[in-house]
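Single-structure report; data block below.
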2 protein chains.
Amino acid sequence: MTELNNSINELKNVAQFIAHKLEEMILTGELAPGQHLIQTDIATQFGVSRLPVRDALKILEKRELAVTQPRRGVIVRPLNLQEVSDLYELRRLLESHAFTRSVRNLTEQDIADVEAILQRQESFSMGQFIQILDLDEQFHIKLCSRCENEEIKSSLVKIWSRIRVLRSLERDWDDWNKNSVKSHRGILAAIRAQDYKKARQLLEEGIDRAENKITASVKAVIALSAQSDLTKSAHN
Amino acid sequence: MTELNNSINELKNVAQFIAHKLEEMILTGELAPGQHLIQTDIATQFGVSRLPVRDALKILEKRELAVTQPRRGVIVRPLNLQEVSDLYELRRLLESHAFTRSVRNLTEQDIADVEAILQRQESFSMGQFIQILDLDEQFHIKLCSRCENEEIKSSLVKIWSRIRVLRSLERDWDDWNKNSVKSHRGILAAIRAQDYKKARQLLEEGIDRAENKITASVKAVIALSAQSDLTKSAHN
DNA sequence: ATGACGGTAAATGGATACAGATATACGGGC
DNA sequence: GCCCGTATATCTGTATCCATTTACCGTCAT
């Protein structure tokens, strides 16, 4: 409860605090895709009434991390291979466009910020995978920050919140982070050399690689859960 | 109350019913941009408690038709010239992409459906401007329906719900609808001729014309409201 | 053993009343 | 004329209750 009161000042209200916590629990796998999010349980778990929990679930739904089934409740958004490719096609389209618009407007300070993000990314290792996710996201968002289109930027932020969930399924974080850093270094170098065409190409290649990796992870997890469903029904 | 009970079966719950009604009121101008949406007032107005109203406001917020100001309430999304161009840049990017992906997959039935939409559009006139908006939207959505990307399609639907609000500010509906039909006829003809490149070009030109028209309308309304603000403060 | 049926429990959707927090506005004092 | 405190309007959250729907589970018949 003290932790709640402390953190509540950073966020605006209880609902946002709970939504944030639930998102963390989704990222850590504590809440699995498809799992029911039961209002009363969450309410007692956090020691609040059901109302802010309902609000929190609506926040998750707005961010498309959860799905509401009317009169049946809310579940964590289930995994879906089609969704991965659809989401990545959308991301490629938007980010590539935004990057092109933004890259010429990046200031010295922006470049320095990106460099700082990249250096922090280099210093992290496996254990802190949520931070790794955040830094990767920050890198890409920062590069698009000067695209001068708030709609596209907010669309990208929404897409990233979903990509984070998919990425959290990744196993080999060390390898993943190494490749990410390498790709980011290349992009940053191309930007510094003002070779924007090459930068964009590297960016798109990175997005494609990420899609392939995530597709593999999601496939593996779906296969695994299908298998456990089989064993479960075999036990019955 | 009887109307409520009748319509409630079509929608899933009271909140969605109220959200739908509020959206209509925004489109008809009954609720003006920037206007406060006060929970208790709306609750008494519809004869329900505050809870479903809160839910309804969150639905509007999710669709970006309303903006929540923490601890101050919810307002109808204010008009903003920048937003028009940002939204249209996003629409152009997504719709153009989706159209290209979709157009080759359109079936005979799809084309027939589009033709039917277009014919209905031709038969309407000024009075029924909400229907005109719907038909215009249906035309564009249908053309993109076979893009095989649910994410892009749902993004486009969201964009359209906002564009509808902006378009509702238009004055000269008769002129507007005539131009729209003409543009749509050209696109459909190009599709039938399998000249997809031309179809796409016509589509993009239509989007640009729409942006210009809406920009003018929004400018006019903003100027008008600024003027009335002046007279109001002069009276104080 | 398996499928259909029915009853009970659980969960959501909604209503009501009340307590608290907070931003704006108003008005009085300096 | 400006600053500051109070008042008001409004949202935010708690606590309880009820209705309706859905899910679960055990029984029964095939």
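Within each chain, counting starts at residue 1; across the structure tokens, chains are named A, B, ... in the order shown, with ligands numbered 1 upward in that order.
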Check which residues of chain D sit at most 12 Å from chain A using only C-alpha atoms (C1' of nucleotides), and return one row each with the closest pair of atoms and their distance in Å to one decimal, ordered by chain and rising number, as a tab-separated table.
```
residue	atom	partner	partner_atom	distance
D:DC11	C1'	A:Asn13	CA	11.3
D:DT12	C1'	A:Asn13	CA	8.0
D:DG13	C1'	A:Pro52	CA	7.3
D:DT14	C1'	A:Ser49	CA	6.4
D:DA15	C1'	A:Ser49	CA	8.2
D:DT16	C1'	A:Ser49	CA	11.3
D:DT20	C1'	A:Arg71	CA	9.3
D:DT21	C1'	A:Arg71	CA	6.7
D:DT22	C1'	A:Arg72	CA	6.7
D:DA23	C1'	A:Arg72	CA	9.5
```
DSSP alpha helix (DSSP H) residues within segment 144-228 of chain A, as a PyMOL selection string: chain A and resi 150-167+173-192+196-228
Report as a tab-separated table the residues of chain B within 8 Å of chain A, each with its shortest atom pair and distance in Å (one decimal), using only C-alpha atoms, ordered by chain and increasing residue number.
```
residue	atom	partner	partner_atom	distance
B:Lys12	CA	A:Pro70	CA	6.8
B:Lys58	CA	A:Lys58	CA	7.6
B:Lys62	CA	A:Lys62	CA	5.8
B:Pro70	CA	A:Lys12	CA	7.4
B:Glu83	CA	A:Glu151	CA	7.5
B:Asp86	CA	A:Asn149	CA	5.3
B:Leu87	CA	A:Glu151	CA	6.1
B:Leu90	CA	A:Ile152	CA	6.3
B:Leu93	CA	A:Leu94	CA	8.0
B:Leu94	CA	A:Leu93	CA	8.0
B:Asn149	CA	A:Asp86	CA	5.3
B:Glu150	CA	A:Asp86	CA	6.7
B:Glu151	CA	A:Asp86	CA	5.8
B:Ile152	CA	A:Leu90	CA	6.3
```
Near segment 191-198 of chain B, counting only C-alpha atoms (C1' of nucleotides), which residues have an atom at most 9 Å away, once you skip same-chain residues fewer than 6 positions from it, shown as a count of residues only? 4
Could you list, as an mmCIF file with all heavy atoms, in the first residue's frame, the residues of chain C having an atom within 9 Å of chain B when counting only C-alpha atoms (C1' of nucleotides)?
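Written output follows (selection.cif):
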```cif
data_model
loop_
_atom_site.group_PDB
_atom_site.id
_atom_site.type_symbol
_atom_site.label_atom_id
_atom_site.label_comp_id
_atom_site.auth_asym_id
_atom_site.auth_seq_id
_atom_site.Cartn_x
_atom_site.Cartn_y
_atom_site.Cartn_z
ATOM 1 P P DG C 13 -18.855 -6.070 -18.440
ATOM 2 O OP1 DG C 13 -18.764 -6.136 -19.905
ATOM 3 O OP2 DG C 13 -17.883 -5.287 -17.657
ATOM 4 O "O5'" DG C 13 -20.310 -5.553 -18.041
ATOM 5 C "C5'" DG C 13 -21.442 -6.159 -18.630
ATOM 6 C "C4'" DG C 13 -22.708 -5.467 -18.175
ATOM 7 O "O4'" DG C 13 -23.013 -5.868 -16.819
ATOM 8 C "C3'" DG C 13 -22.630 -3.929 -18.155
ATOM 9 O "O3'" DG C 13 -23.851 -3.407 -18.661
ATOM 10 C "C2'" DG C 13 -22.411 -3.605 -16.686
ATOM 11 C "C1'" DG C 13 -23.171 -4.734 -15.994
ATOM 12 N N9 DG C 13 -22.662 -5.087 -14.673
ATOM 13 C C8 DG C 13 -21.350 -5.269 -14.298
ATOM 14 N N7 DG C 13 -21.213 -5.591 -13.038
ATOM 15 C C5 DG C 13 -22.513 -5.621 -12.545
ATOM 16 C C6 DG C 13 -23.007 -5.910 -11.246
ATOM 17 O O6 DG C 13 -22.361 -6.210 -10.241
ATOM 18 N N1 DG C 13 -24.385 -5.829 -11.185
ATOM 19 C C2 DG C 13 -25.202 -5.514 -12.244
ATOM 20 N N2 DG C 13 -26.507 -5.479 -12.008
ATOM 21 N N3 DG C 13 -24.760 -5.241 -13.466
ATOM 22 C C4 DG C 13 -23.414 -5.315 -13.545
ATOM 23 P P DG C 14 -23.973 -1.843 -18.851
ATOM 24 O OP1 DG C 14 -24.929 -1.613 -19.943
ATOM 25 O OP2 DG C 14 -22.625 -1.255 -18.903
ATOM 26 O "O5'" DG C 14 -24.674 -1.381 -17.488
ATOM 27 C "C5'" DG C 14 -25.997 -1.819 -17.181
ATOM 28 C "C4'" DG C 14 -26.341 -1.452 -15.763
ATOM 29 O "O4'" DG C 14 -25.460 -2.135 -14.849
ATOM 30 C "C3'" DG C 14 -26.232 0.041 -15.389
ATOM 31 O "O3'" DG C 14 -27.536 0.577 -15.239
ATOM 32 C "C2'" DG C 14 -25.428 0.048 -14.085
ATOM 33 C "C1'" DG C 14 -25.507 -1.406 -13.644
ATOM 34 N N9 DG C 14 -24.421 -1.815 -12.774
ATOM 35 C C8 DG C 14 -23.089 -1.918 -13.075
ATOM 36 N N7 DG C 14 -22.347 -2.293 -12.064
ATOM 37 C C5 DG C 14 -23.255 -2.434 -11.019
ATOM 38 C C6 DG C 14 -23.052 -2.818 -9.669
ATOM 39 O O6 DG C 14 -22.002 -3.110 -9.113
ATOM 40 N N1 DG C 14 -24.256 -2.843 -8.963
ATOM 41 C C2 DG C 14 -25.481 -2.530 -9.485
ATOM 42 N N2 DG C 14 -26.521 -2.596 -8.660
ATOM 43 N N3 DG C 14 -25.685 -2.172 -10.738
ATOM 44 C C4 DG C 14 -24.532 -2.151 -11.450
ATOM 45 P P DA C 15 -27.704 2.072 -14.768
ATOM 46 O OP1 DA C 15 -28.977 2.540 -15.378
ATOM 47 O OP2 DA C 15 -26.449 2.815 -14.993
ATOM 48 O "O5'" DA C 15 -27.941 1.932 -13.206
ATOM 49 C "C5'" DA C 15 -28.987 1.106 -12.745
ATOM 50 C "C4'" DA C 15 -29.207 1.325 -11.257
ATOM 51 O "O4'" DA C 15 -28.137 0.680 -10.516
ATOM 52 C "C3'" DA C 15 -29.218 2.791 -10.818
ATOM 53 O "O3'" DA C 15 -30.326 2.989 -9.945
ATOM 54 C "C2'" DA C 15 -27.879 2.979 -10.099
ATOM 55 C "C1'" DA C 15 -27.561 1.579 -9.591
ATOM 56 N N9 DA C 15 -26.130 1.272 -9.531
ATOM 57 C C8 DA C 15 -25.235 1.332 -10.561
ATOM 58 N N7 DA C 15 -24.009 0.998 -10.216
ATOM 59 C C5 DA C 15 -24.114 0.691 -8.871
ATOM 60 C C6 DA C 15 -23.175 0.266 -7.921
ATOM 61 N N6 DA C 15 -21.885 0.062 -8.203
ATOM 62 N N1 DA C 15 -23.600 0.063 -6.662
ATOM 63 C C2 DA C 15 -24.892 0.260 -6.390
ATOM 64 N N3 DA C 15 -25.876 0.661 -7.199
ATOM 65 C C4 DA C 15 -25.416 0.854 -8.436
ATOM 66 P P DT C 16 -30.747 4.461 -9.532
ATOM 67 O OP1 DT C 16 -32.193 4.421 -9.298
ATOM 68 O OP2 DT C 16 -30.159 5.417 -10.486
ATOM 69 O "O5'" DT C 16 -30.025 4.668 -8.128
ATOM 70 C "C5'" DT C 16 -30.188 3.684 -7.107
ATOM 71 C "C4'" DT C 16 -29.266 3.969 -5.943
ATOM 72 O "O4'" DT C 16 -27.943 3.471 -6.228
ATOM 73 C "C3'" DT C 16 -29.091 5.448 -5.584
ATOM 74 O "O3'" DT C 16 -29.637 5.666 -4.295
ATOM 75 C "C2'" DT C 16 -27.577 5.669 -5.629
ATOM 76 C "C1'" DT C 16 -27.034 4.258 -5.507
ATOM 77 N N1 DT C 16 -25.682 4.047 -6.095
ATOM 78 C C2 DT C 16 -24.706 3.498 -5.303
ATOM 79 O O2 DT C 16 -24.886 3.189 -4.148
ATOM 80 N N3 DT C 16 -23.485 3.339 -5.930
ATOM 81 C C4 DT C 16 -23.173 3.662 -7.231
ATOM 82 O O4 DT C 16 -22.057 3.468 -7.665
ATOM 83 C C5 DT C 16 -24.250 4.237 -8.005
ATOM 84 C C7 DT C 16 -24.008 4.625 -9.414
ATOM 85 C C6 DT C 16 -25.436 4.397 -7.407
ATOM 86 P P DA C 21 -8.350 13.507 0.318
ATOM 87 O OP1 DA C 21 -7.373 12.434 0.585
ATOM 88 O OP2 DA C 21 -7.973 14.888 0.557
ATOM 89 O "O5'" DA C 21 -8.825 13.408 -1.204
ATOM 90 C "C5'" DA C 21 -7.921 12.866 -2.185
ATOM 91 C "C4'" DA C 21 -8.022 13.635 -3.492
ATOM 92 O "O4'" DA C 21 -9.383 14.059 -3.729
ATOM 93 C "C3'" DA C 21 -7.168 14.916 -3.571
ATOM 94 O "O3'" DA C 21 -6.467 14.891 -4.804
ATOM 95 C "C2'" DA C 21 -8.192 16.051 -3.529
ATOM 96 C "C1'" DA C 21 -9.389 15.387 -4.194
ATOM 97 N N9 DA C 21 -10.695 15.936 -3.837
ATOM 98 C C8 DA C 21 -11.196 16.144 -2.585
ATOM 99 N N7 DA C 21 -12.421 16.624 -2.580
ATOM 100 C C5 DA C 21 -12.745 16.753 -3.919
ATOM 101 C C6 DA C 21 -13.899 17.203 -4.577
ATOM 102 N N6 DA C 21 -14.988 17.638 -3.942
ATOM 103 N N1 DA C 21 -13.885 17.197 -5.920
ATOM 104 C C2 DA C 21 -12.795 16.762 -6.552
ATOM 105 N N3 DA C 21 -11.666 16.301 -6.045
ATOM 106 C C4 DA C 21 -11.703 16.324 -4.708
ATOM 107 P P DT C 22 -5.191 15.850 -5.000
ATOM 108 O OP1 DT C 22 -4.128 15.019 -5.592
ATOM 109 O OP2 DT C 22 -4.962 16.620 -3.773
ATOM 110 O "O5'" DT C 22 -5.722 16.841 -6.125
ATOM 111 C "C5'" DT C 22 -6.467 16.317 -7.221
ATOM 112 C "C4'" DT C 22 -7.069 17.449 -8.032
ATOM 113 O "O4'" DT C 22 -8.408 17.749 -7.561
ATOM 114 C "C3'" DT C 22 -6.306 18.777 -7.975
ATOM 115 O "O3'" DT C 22 -6.309 19.347 -9.264
ATOM 116 C "C2'" DT C 22 -7.136 19.604 -7.009
ATOM 117 C "C1'" DT C 22 -8.535 19.147 -7.421
ATOM 118 N N1 DT C 22 -9.616 19.420 -6.433
ATOM 119 C C2 DT C 22 -10.868 19.744 -6.912
ATOM 120 O O2 DT C 22 -11.117 19.811 -8.083
ATOM 121 N N3 DT C 22 -11.809 19.981 -5.933
ATOM 122 C C4 DT C 22 -11.622 19.938 -4.564
ATOM 123 O O4 DT C 22 -12.540 20.185 -3.796
ATOM 124 C C5 DT C 22 -10.281 19.602 -4.150
ATOM 125 C C7 DT C 22 -9.975 19.528 -2.697
ATOM 126 C C6 DT C 22 -9.360 19.362 -5.079
ATOM 127 P P DA C 23 -5.009 20.134 -9.820
ATOM 128 O OP1 DA C 23 -4.082 19.175 -10.443
ATOM 129 O OP2 DA C 23 -4.548 21.040 -8.751
ATOM 130 O "O5'" DA C 23 -5.644 21.027 -10.977
ATOM 131 C "C5'" DA C 23 -6.601 20.456 -11.849
ATOM 132 C "C4'" DA C 23 -7.729 21.431 -12.119
ATOM 133 O "O4'" DA C 23 -8.615 21.490 -10.978
ATOM 134 C "C3'" DA C 23 -7.269 22.877 -12.371
ATOM 135 O "O3'" DA C 23 -7.969 23.386 -13.490
ATOM 136 C "C2'" DA C 23 -7.653 23.617 -11.091
ATOM 137 C "C1'" DA C 23 -8.883 22.844 -10.654
ATOM 138 N N9 DA C 23 -9.153 22.904 -9.222
ATOM 139 C C8 DA C 23 -8.271 22.692 -8.199
ATOM 140 N N7 DA C 23 -8.797 22.803 -7.003
ATOM 141 C C5 DA C 23 -10.127 23.110 -7.256
ATOM 142 C C6 DA C 23 -11.217 23.352 -6.404
ATOM 143 N N6 DA C 23 -11.133 23.317 -5.075
ATOM 144 N N1 DA C 23 -12.412 23.618 -6.979
ATOM 145 C C2 DA C 23 -12.486 23.649 -8.311
ATOM 146 N N3 DA C 23 -11.535 23.438 -9.214
ATOM 147 C C4 DA C 23 -10.363 23.165 -8.615
#
```
Using only C-alpha atoms, find the one residue out of A:Glu64, A:Glu122, A:Glu137, A:Asp110 that sits nearest to Glu23 of chain A. A:Glu64
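A straight line drawn from atom CA of Leu37 of chain B to atom CA of Val74 of chain B is 5.4 Å long.
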Show which residues sit within 12 Å of segment 181-187 of chain B, as number ranges by chain. Count only C-alpha atoms (C1' of nucleotides), and ignore same-chain residues fewer than 4 positions away. B: 99, 103, 111, 114-125, 132-133, 135-140, 143, 173-177, 191-210
Do you know which residues are at most 9 Å from segment 5-9 of chain D counting only C-alpha atoms (C1' of nucleotides), after dropping those on the same chain fewer than 5 positions away, and could you put them as a ChimeraX atom specification? /C:24-27
Distance in Å - atom CA of Val218 of chain A versus atom CA of Ala56 of chain A: 26.2 Å
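Closest approach to Glu170 of chain A among A:Thr215, A:Thr68, A:Ser96, A:Ser154: A:Thr215, based on only C-alpha atoms.
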Among segment 20-196 of chain B, which residues does DSSP mark as strand (DSSP E) when it is run on the backbone? Keep the chain and numbering as in the structure and answer as number ranges by chain. B: 36-37, 66-69, 73-76
Can you measure atom CA of Gln45 of chain B to atom CA of Trp160 of chain B for me? One decimal in Å is fine. 28.0 Å
List as a ChimeraX atom specification the protein and nucleic acid residues near DC25 of chain D, meaning an atom at most 12 Å away when only C-alpha atoms (C1' of nucleotides) are counted, but skip any in the same chain fewer than 5 places from it. /C:5-9
Using the selection just defined, write its residues with all heavy atoms as a tab-separated table (two decimals), in the first residue's frame.
```tsv
chain	number	residue	atom	x	y	z
C	5	DC	P	-30.53	-31.77	-24.63
C	5	DC	OP1	-31.83	-32.02	-25.28
C	5	DC	OP2	-29.67	-30.66	-25.08
C	5	DC	O5'	-30.77	-31.62	-23.07
C	5	DC	C5'	-31.28	-32.73	-22.32
C	5	DC	C4'	-31.17	-32.41	-20.84
C	5	DC	O4'	-29.79	-32.55	-20.42
C	5	DC	C3'	-31.60	-30.99	-20.48
C	5	DC	O3'	-32.70	-31.06	-19.57
C	5	DC	C2'	-30.35	-30.37	-19.84
C	5	DC	C1'	-29.53	-31.57	-19.44
C	5	DC	N1	-28.06	-31.35	-19.45
C	5	DC	C2	-27.31	-31.60	-18.30
C	5	DC	O2	-27.89	-31.99	-17.28
C	5	DC	N3	-25.95	-31.40	-18.31
C	5	DC	C4	-25.36	-30.99	-19.44
C	5	DC	N4	-24.04	-30.82	-19.42
C	5	DC	C5	-26.11	-30.74	-20.63
C	5	DC	C6	-27.44	-30.93	-20.60
C	6	DG	P	-33.48	-29.72	-19.18
C	6	DG	OP1	-34.92	-30.06	-19.09
C	6	DG	OP2	-33.02	-28.63	-20.08
C	6	DG	O5'	-32.93	-29.44	-17.72
C	6	DG	C5'	-32.80	-30.51	-16.79
C	6	DG	C4'	-32.09	-30.03	-15.56
C	6	DG	O4'	-30.66	-29.99	-15.81
C	6	DG	C3'	-32.48	-28.61	-15.11
C	6	DG	O3'	-32.53	-28.56	-13.70
C	6	DG	C2'	-31.35	-27.76	-15.67
C	6	DG	C1'	-30.17	-28.70	-15.50
C	6	DG	N9	-29.05	-28.44	-16.40
C	6	DG	C8	-29.10	-28.04	-17.72
C	6	DG	N7	-27.92	-27.90	-18.26
C	6	DG	C5	-27.03	-28.21	-17.23
C	6	DG	C6	-25.63	-28.23	-17.22
C	6	DG	O6	-24.84	-27.96	-18.14
C	6	DG	N1	-25.13	-28.59	-15.96
C	6	DG	C2	-25.90	-28.91	-14.88
C	6	DG	N2	-25.24	-29.24	-13.77
C	6	DG	N3	-27.22	-28.90	-14.88
C	6	DG	C4	-27.72	-28.54	-16.08
C	7	DG	P	-33.39	-27.49	-12.94
C	7	DG	OP1	-34.66	-28.09	-12.52
C	7	DG	OP2	-33.38	-26.28	-13.79
C	7	DG	O5'	-32.52	-27.21	-11.64
C	7	DG	C5'	-31.78	-28.29	-11.04
C	7	DG	C4'	-30.49	-27.75	-10.45
C	7	DG	O4'	-29.50	-27.58	-11.49
C	7	DG	C3'	-30.63	-26.39	-9.77
C	7	DG	O3'	-29.89	-26.39	-8.57
C	7	DG	C2'	-30.03	-25.43	-10.80
C	7	DG	C1'	-28.94	-26.29	-11.40
C	7	DG	N9	-28.51	-25.89	-12.74
C	7	DG	C8	-29.32	-25.53	-13.80
C	7	DG	N7	-28.65	-25.23	-14.89
C	7	DG	C5	-27.32	-25.41	-14.52
C	7	DG	C6	-26.13	-25.24	-15.27
C	7	DG	O6	-26.02	-24.88	-16.46
C	7	DG	N1	-24.99	-25.53	-14.52
C	7	DG	C2	-25.02	-25.93	-13.21
C	7	DG	N2	-23.83	-26.15	-12.64
C	7	DG	N3	-26.11	-26.08	-12.49
C	7	DG	C4	-27.22	-25.82	-13.21
C	8	DT	P	-30.22	-25.38	-7.39
C	8	DT	OP1	-30.75	-26.13	-6.24
C	8	DT	OP2	-30.99	-24.26	-7.97
C	8	DT	O5'	-28.77	-24.85	-6.99
C	8	DT	C5'	-27.68	-25.78	-6.95
C	8	DT	C4'	-26.37	-25.08	-7.29
C	8	DT	O4'	-26.29	-24.81	-8.71
C	8	DT	C3'	-26.18	-23.72	-6.60
C	8	DT	O3'	-24.90	-23.68	-6.03
C	8	DT	C2'	-26.33	-22.72	-7.74
C	8	DT	C1'	-25.78	-23.52	-8.91
C	8	DT	N1	-26.20	-23.05	-10.25
C	8	DT	C2	-25.25	-22.91	-11.23
C	8	DT	O2	-24.08	-23.16	-11.05
C	8	DT	N3	-25.72	-22.47	-12.44
C	8	DT	C4	-27.04	-22.16	-12.77
C	8	DT	O4	-27.35	-21.77	-13.88
C	8	DT	C5	-27.98	-22.32	-11.68
C	8	DT	C7	-29.43	-22.01	-11.91
C	8	DT	C6	-27.53	-22.76	-10.50
C	9	DA	P	-24.57	-22.58	-4.94
C	9	DA	OP1	-24.32	-23.25	-3.66
C	9	DA	OP2	-25.59	-21.51	-5.03
C	9	DA	O5'	-23.18	-22.02	-5.50
C	9	DA	C5'	-22.26	-22.94	-6.12
C	9	DA	C4'	-21.33	-22.16	-7.03
C	9	DA	O4'	-22.03	-21.85	-8.28
C	9	DA	C3'	-20.86	-20.82	-6.46
C	9	DA	O3'	-19.47	-20.68	-6.74
C	9	DA	C2'	-21.70	-19.79	-7.21
C	9	DA	C1'	-21.91	-20.46	-8.55
C	9	DA	N9	-23.14	-20.07	-9.25
C	9	DA	C8	-24.41	-19.99	-8.75
C	9	DA	N7	-25.31	-19.61	-9.62
C	9	DA	C5	-24.59	-19.43	-10.79
C	9	DA	C6	-24.96	-19.03	-12.09
C	9	DA	N6	-26.21	-18.73	-12.44
C	9	DA	N1	-23.99	-18.96	-13.03
C	9	DA	C2	-22.74	-19.27	-12.67
C	9	DA	N3	-22.27	-19.65	-11.49
C	9	DA	C4	-23.24	-19.71	-10.58
```
Determine, counting only C-alpha atoms (C1' of nucleotides), which protein, DNA and RNA residues have an atom within 12 Å of an atom of Met25 of chain B; residues of the same chain fewer than 3 positions away are not included. Present the result as an MDAnalysis selection string. chainID B and resid 18:22 28:33 35 37 65 76 130 165 168
